[in-house]
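**Student:** Here it is, the structure in full.
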Amino acid sequence: MRELLKIEDIQVFYGPSQALFGVELSVGEGEVVALMGRNGMGKTTTIRTLCRMSKQKSGAIQFAGQDISKMPSHKVAQLGVGLVPEGRRCFGSLTVQENLVAAARGGEWTLEKVYELFPRLSEREHQTANTLSGGEQQMLAIGRALMTNPKLLVLDEATEGLAPVIREEIWRAIGELKAGGQSILIVDKTLAELLPLADRCVILERGKTAWTGKPDELTPDIADRYLGV
């Protein structure tokens, strides 16, 4: 498996406060990696740093064979990092179709294919995003990221706060993306759904990579130590 993303020993500060103390992780082509940890352990900061919305003080980030450590965020997106941010952040005054088309770049993913993945979006294509439910907005955010035809899809809190029936639909879609060979870095707290889809897990503890392994190596003791409340 060829390596698509490699993050090495990144350290990030917010003013005088250090948020990351040496995060290391990688994602191979076609691999699904679960980024895990309790709240406040650095998952979102790691994603923000990958997408160049936060700047690291030290360490290196390689993506698709290029050093992106000093690139602006729009260049990283153009290279093929598609972000579904925590909180969704759809363009509320635009319709579903307009949200999707606004982000589109040529490739495999088209409006028709997104509608096939999420039929609800097809039914609501002329509604504005601010009239959708939270779950439908999450589908729209995923569809919008896919319309950029990313090499790596990054999902921050993929199903947080969603109704069970919507979560099932999101997990079903992520399973289809995995089956299609999409590389995915995903943050989510619902281990029952996340672990069967993940090829590897990376756990952060206090801003540092604390454990890396396959889902079947994540014992109850490790889960309790790093993920328990």
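Simple scheme: letters A, B, ... for chains in structure tokens order, numbers from 1 for residues in each chain, numbers from 1 for ligands in the order shown.
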Give me the residues near range 155-171 of chain A as a PyMOL selection string, where near means some atom within 9 Å (using only C-alpha atoms) and where sequence neighbours in that chain fewer than 2 positions away do not count.
**Tutor:** chain A and resi 43-44+47+82-87+118+134-136+138-139+142+153+173-176+184-190+193-194+197
**Student:** Dump C-alpha atoms for the selected residues as an mmCIF file, in the first residue's frame?
**Tutor:**
data_model
loop_
_atom_site.group_PDB
_atom_site.id
_atom_site.type_symbol
_atom_site.label_atom_id
_atom_site.label_comp_id
_atom_site.auth_asym_id
_atom_site.auth_seq_id
_atom_site.Cartn_x
_atom_site.Cartn_y
_atom_site.Cartn_z
ATOM 1 C CA LYS A 43 -7.999 15.464 17.181
ATOM 2 C CA THR A 44 -9.544 18.585 15.643
ATOM 3 C CA ILE A 47 -7.097 17.942 11.305
ATOM 4 C CA GLY A 82 -11.491 17.053 1.141
ATOM 5 C CA LEU A 83 -12.615 18.183 4.598
ATOM 6 C CA VAL A 84 -15.988 17.581 6.243
ATOM 7 C CA PRO A 85 -15.564 19.865 9.265
ATOM 8 C CA GLU A 86 -17.074 19.490 12.689
ATOM 9 C CA GLY A 87 -20.352 21.415 12.681
ATOM 10 C CA PHE A 118 -27.493 10.163 -0.588
ATOM 11 C CA GLY A 134 -28.809 18.296 10.934
ATOM 12 C CA GLY A 135 -28.406 14.846 9.419
ATOM 13 C CA GLU A 136 -29.241 16.083 5.935
ATOM 14 C CA GLN A 138 -24.093 16.325 7.264
ATOM 15 C CA MET A 139 -24.910 14.377 4.109
ATOM 16 C CA ILE A 142 -19.946 14.945 2.825
ATOM 17 C CA LEU A 153 -11.617 12.468 2.650
ATOM 18 C CA ALA A 173 -22.331 5.665 2.843
ATOM 19 C CA ILE A 174 -18.878 5.576 4.453
ATOM 20 C CA GLY A 175 -18.863 1.811 3.978
ATOM 21 C CA GLU A 176 -19.607 2.291 0.275
ATOM 22 C CA ILE A 184 -10.461 8.287 4.637
ATOM 23 C CA LEU A 185 -9.275 9.860 7.902
ATOM 24 C CA ILE A 186 -12.219 9.854 10.290
ATOM 25 C CA VAL A 187 -12.967 11.097 13.798
ATOM 26 C CA ASP A 188 -15.990 9.620 15.557
ATOM 27 C CA LYS A 189 -16.890 8.406 19.024
ATOM 28 C CA THR A 190 -19.247 5.545 18.111
ATOM 29 C CA GLU A 193 -19.798 1.482 13.885
ATOM 30 C CA LEU A 194 -16.323 2.968 13.457
ATOM 31 C CA LEU A 197 -14.777 0.153 8.917
#
**Student:** Please run DSSP on the backbone and report, as an MDAnalysis selection string, all residues within range 121-213 of chain A that come out as helix (DSSP H, G or I).
**Tutor:** chainID A and resid 121:123 129:131 134:146 164:179 191:197
**Student:** Among the residues of range 42-204 of chain A, find those DSSP assigns to strand (DSSP E) from the backbone and print them as a short mmCIF file (atom, residue, chain, number, x, y, z; two decimals) with N, CA and C atoms, in the first residue's frame.
**Tutor:**
data_model
loop_
_atom_site.label_atom_id
_atom_site.label_comp_id
_atom_site.auth_asym_id
_atom_site.auth_seq_id
_atom_site.Cartn_x
_atom_site.Cartn_y
_atom_site.Cartn_z
N GLN A 56 1.79 24.49 12.34
CA GLN A 56 2.64 23.83 13.32
C GLN A 56 3.93 24.62 13.53
N LYS A 57 4.47 24.51 14.74
CA LYS A 57 5.77 25.14 15.04
C LYS A 57 6.90 24.26 14.53
N SER A 58 6.70 22.95 14.59
CA SER A 58 7.72 22.01 14.11
C SER A 58 7.04 20.74 13.63
N GLY A 59 7.83 19.90 12.99
CA GLY A 59 7.29 18.67 12.42
C GLY A 59 7.03 18.82 10.93
N ALA A 60 6.63 17.74 10.28
CA ALA A 60 6.46 17.72 8.83
C ALA A 60 5.16 17.04 8.45
N ILE A 61 4.57 17.50 7.35
CA ILE A 61 3.37 16.87 6.79
C ILE A 61 3.61 16.65 5.30
N GLN A 62 3.57 15.40 4.90
CA GLN A 62 3.70 15.03 3.49
C GLN A 62 2.35 14.52 3.00
N PHE A 63 1.92 15.02 1.84
CA PHE A 63 0.68 14.54 1.25
C PHE A 63 0.89 14.35 -0.25
N GLN A 66 4.19 15.39 -1.59
CA GLN A 66 4.64 16.78 -1.46
C GLN A 66 4.64 17.22 -0.01
N ASP A 67 5.59 18.10 0.32
CA ASP A 67 5.63 18.71 1.64
C ASP A 67 4.60 19.83 1.65
N VAL A 81 -7.19 17.13 -0.57
CA VAL A 81 -7.70 16.89 0.78
C VAL A 81 -9.10 17.48 0.86
N GLY A 82 -10.10 16.62 1.05
CA GLY A 82 -11.49 17.05 1.14
C GLY A 82 -11.97 16.97 2.57
N LEU A 83 -12.27 18.12 3.18
CA LEU A 83 -12.61 18.18 4.60
C LEU A 83 -14.12 18.29 4.81
N VAL A 84 -14.63 17.44 5.71
CA VAL A 84 -15.99 17.58 6.24
C VAL A 84 -15.81 18.04 7.68
N LEU A 152 -8.01 12.25 -0.39
CA LEU A 152 -8.23 11.90 1.01
C LEU A 152 -9.46 12.64 1.51
N LEU A 153 -10.43 11.89 2.03
CA LEU A 153 -11.62 12.47 2.65
C LEU A 153 -11.40 12.50 4.15
N VAL A 154 -11.54 13.69 4.75
CA VAL A 154 -11.31 13.88 6.18
C VAL A 154 -12.64 14.22 6.84
N LEU A 155 -13.08 13.38 7.76
CA LEU A 155 -14.38 13.54 8.43
C LEU A 155 -14.15 13.80 9.91
N ASP A 156 -14.48 15.01 10.36
CA ASP A 156 -14.31 15.37 11.77
C ASP A 156 -15.66 15.26 12.47
N SER A 183 -9.65 6.81 0.25
CA SER A 183 -8.84 6.99 1.45
C SER A 183 -9.58 7.91 2.40
N ILE A 184 -9.66 7.53 3.67
CA ILE A 184 -10.46 8.29 4.64
C ILE A 184 -9.71 8.40 5.96
N LEU A 185 -9.70 9.62 6.52
CA LEU A 185 -9.27 9.86 7.90
C LEU A 185 -10.52 10.33 8.64
N ILE A 186 -10.91 9.60 9.68
CA ILE A 186 -12.22 9.85 10.29
C ILE A 186 -12.12 9.95 11.81
N VAL A 187 -12.79 10.95 12.36
CA VAL A 187 -12.97 11.10 13.80
C VAL A 187 -14.42 10.80 14.13
N ARG A 200 -6.96 0.93 10.45
CA ARG A 200 -6.06 1.21 11.57
C ARG A 200 -6.67 2.29 12.45
N CYS A 201 -6.21 2.32 13.69
CA CYS A 201 -6.65 3.34 14.65
C CYS A 201 -5.43 4.08 15.19
N VAL A 202 -5.59 5.37 15.36
CA VAL A 202 -4.56 6.20 15.99
C VAL A 202 -5.23 6.93 17.15
N ILE A 203 -4.71 6.74 18.36
CA ILE A 203 -5.29 7.37 19.55
C ILE A 203 -4.38 8.49 20.03
N LEU A 204 -4.98 9.66 20.24
CA LEU A 204 -4.25 10.80 20.80
C LEU A 204 -4.55 10.93 22.29
#
**Student:** For Gly181 in chain A, please output as a list of chain:residue names all residues within 9 Å (counting only C-alpha atoms; exclusion window: fewer than 6 positions along the same chain).
**Tutor:**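 Counting only the stated atoms, we get A:Glu29, A:Gly30, A:Glu31.
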**Student:** Using only C-alpha atoms, determine which residues lie at most 10 Å from Leu20 in chain A, disregarding the query and same-chain residues fewer than 2 positions distant; provide the list as a compact mmCIF listing (two decimals) with N, CA and C atoms, in the first residue's frame.
**Tutor:**
# COMPACT_ATOMS: atom_id res chain seq x y z
N ASP A 9 5.65 14.11 13.95
CA ASP A 9 6.08 14.89 15.11
C ASP A 9 5.64 16.35 15.07
N ILE A 10 4.36 16.60 14.71
CA ILE A 10 3.93 18.00 14.65
C ILE A 10 3.64 18.54 16.05
N GLN A 11 4.09 19.77 16.25
CA GLN A 11 3.85 20.50 17.48
C GLN A 11 3.16 21.80 17.12
N VAL A 12 2.06 22.08 17.81
CA VAL A 12 1.22 23.23 17.48
C VAL A 12 0.94 24.02 18.75
N PHE A 13 0.99 25.35 18.62
CA PHE A 13 0.71 26.25 19.73
C PHE A 13 -0.46 27.16 19.37
N TYR A 14 -1.29 27.48 20.34
CA TYR A 14 -2.25 28.57 20.24
C TYR A 14 -1.76 29.66 21.18
N SER A 17 0.10 28.67 24.55
CA SER A 17 -0.36 27.35 24.98
C SER A 17 -0.09 26.30 23.90
N GLN A 18 0.56 25.22 24.28
CA GLN A 18 0.85 24.15 23.34
C GLN A 18 -0.32 23.19 23.27
N GLY A 22 3.57 16.36 19.47
CA GLY A 22 4.28 15.34 18.70
C GLY A 22 3.36 14.29 18.13
N VAL A 23 2.39 14.74 17.32
CA VAL A 23 1.44 13.81 16.70
C VAL A 23 2.09 13.15 15.49
N MET A 41 -8.19 16.21 23.30
CA MET A 41 -6.88 15.57 23.20
C MET A 41 -6.11 15.93 21.93
N GLY A 42 -6.74 16.71 21.03
CA GLY A 42 -5.99 17.22 19.88
C GLY A 42 -6.44 16.72 18.53
N LYS A 43 -7.56 16.02 18.46
CA LYS A 43 -8.00 15.46 17.18
C LYS A 43 -8.32 16.56 16.17
N THR A 45 -7.48 19.73 16.27
CA THR A 45 -6.28 20.52 15.98
C THR A 45 -5.39 19.81 14.96
N THR A 46 -5.29 18.48 15.07
CA THR A 46 -4.53 17.72 14.08
C THR A 46 -5.12 17.88 12.70
N THR A 49 -4.51 21.33 11.37
CA THR A 49 -3.12 21.50 10.95
C THR A 49 -2.88 20.82 9.61
N GLN A 56 1.79 24.49 12.34
CA GLN A 56 2.64 23.83 13.32
C GLN A 56 3.93 24.62 13.53
N LYS A 57 4.47 24.51 14.74
CA LYS A 57 5.77 25.14 15.04
C LYS A 57 6.90 24.26 14.53
N LEU A 204 -4.98 9.66 20.24
CA LEU A 204 -4.25 10.80 20.80
C LEU A 204 -4.55 10.93 22.29
N GLU A 205 -3.52 11.27 23.04
CA GLU A 205 -3.65 11.52 24.47
C GLU A 205 -2.83 12.77 24.79
N ARG A 206 -3.52 13.80 25.24
CA ARG A 206 -2.87 15.06 25.61
C ARG A 206 -1.98 15.60 24.49
N GLY A 207 -2.53 15.59 23.29
CA GLY A 207 -1.84 16.20 22.16
C GLY A 207 -0.69 15.39 21.58
N LYS A 208 -0.64 14.11 21.88
CA LYS A 208 0.44 13.27 21.37
C LYS A 208 -0.11 11.92 20.97
N THR A 209 0.48 11.31 19.95
CA THR A 209 0.07 9.96 19.56
C THR A 209 0.45 8.98 20.67
**Student:** Give me the residues near range 93-100 of chain A as a short mmCIF file (atom, residue, chain, number, x, y, z; two decimals) with N, CA and C atoms, in the first residue's frame, where near means some atom within 6 Å (using only C-alpha atoms) and where sequence neighbours in that chain fewer than 5 positions away do not count.
**Tutor:**
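Writing done, so here's out-v3.cif:
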data_model
loop_
_atom_site.label_atom_id
_atom_site.label_comp_id
_atom_site.auth_asym_id
_atom_site.auth_seq_id
_atom_site.Cartn_x
_atom_site.Cartn_y
_atom_site.Cartn_z
N GLU A 125 -32.92 18.84 -3.56
CA GLU A 125 -31.87 19.58 -4.26
C GLU A 125 -32.19 21.07 -4.43
N HIS A 126 -33.47 21.46 -4.41
CA HIS A 126 -33.81 22.88 -4.59
C HIS A 126 -34.12 23.59 -3.27
N GLN A 127 -33.99 22.87 -2.16
CA GLN A 127 -34.15 23.51 -0.85
C GLN A 127 -32.85 24.17 -0.43
N THR A 128 -32.96 25.26 0.32
CA THR A 128 -31.75 25.87 0.86
C THR A 128 -31.23 25.03 2.02
N ALA A 129 -29.93 25.08 2.23
CA ALA A 129 -29.30 24.22 3.23
C ALA A 129 -29.82 24.51 4.64
N ARG A 144 -20.52 17.58 -0.57
CA ARG A 144 -19.75 18.74 -1.04
C ARG A 144 -18.26 18.41 -1.09
#
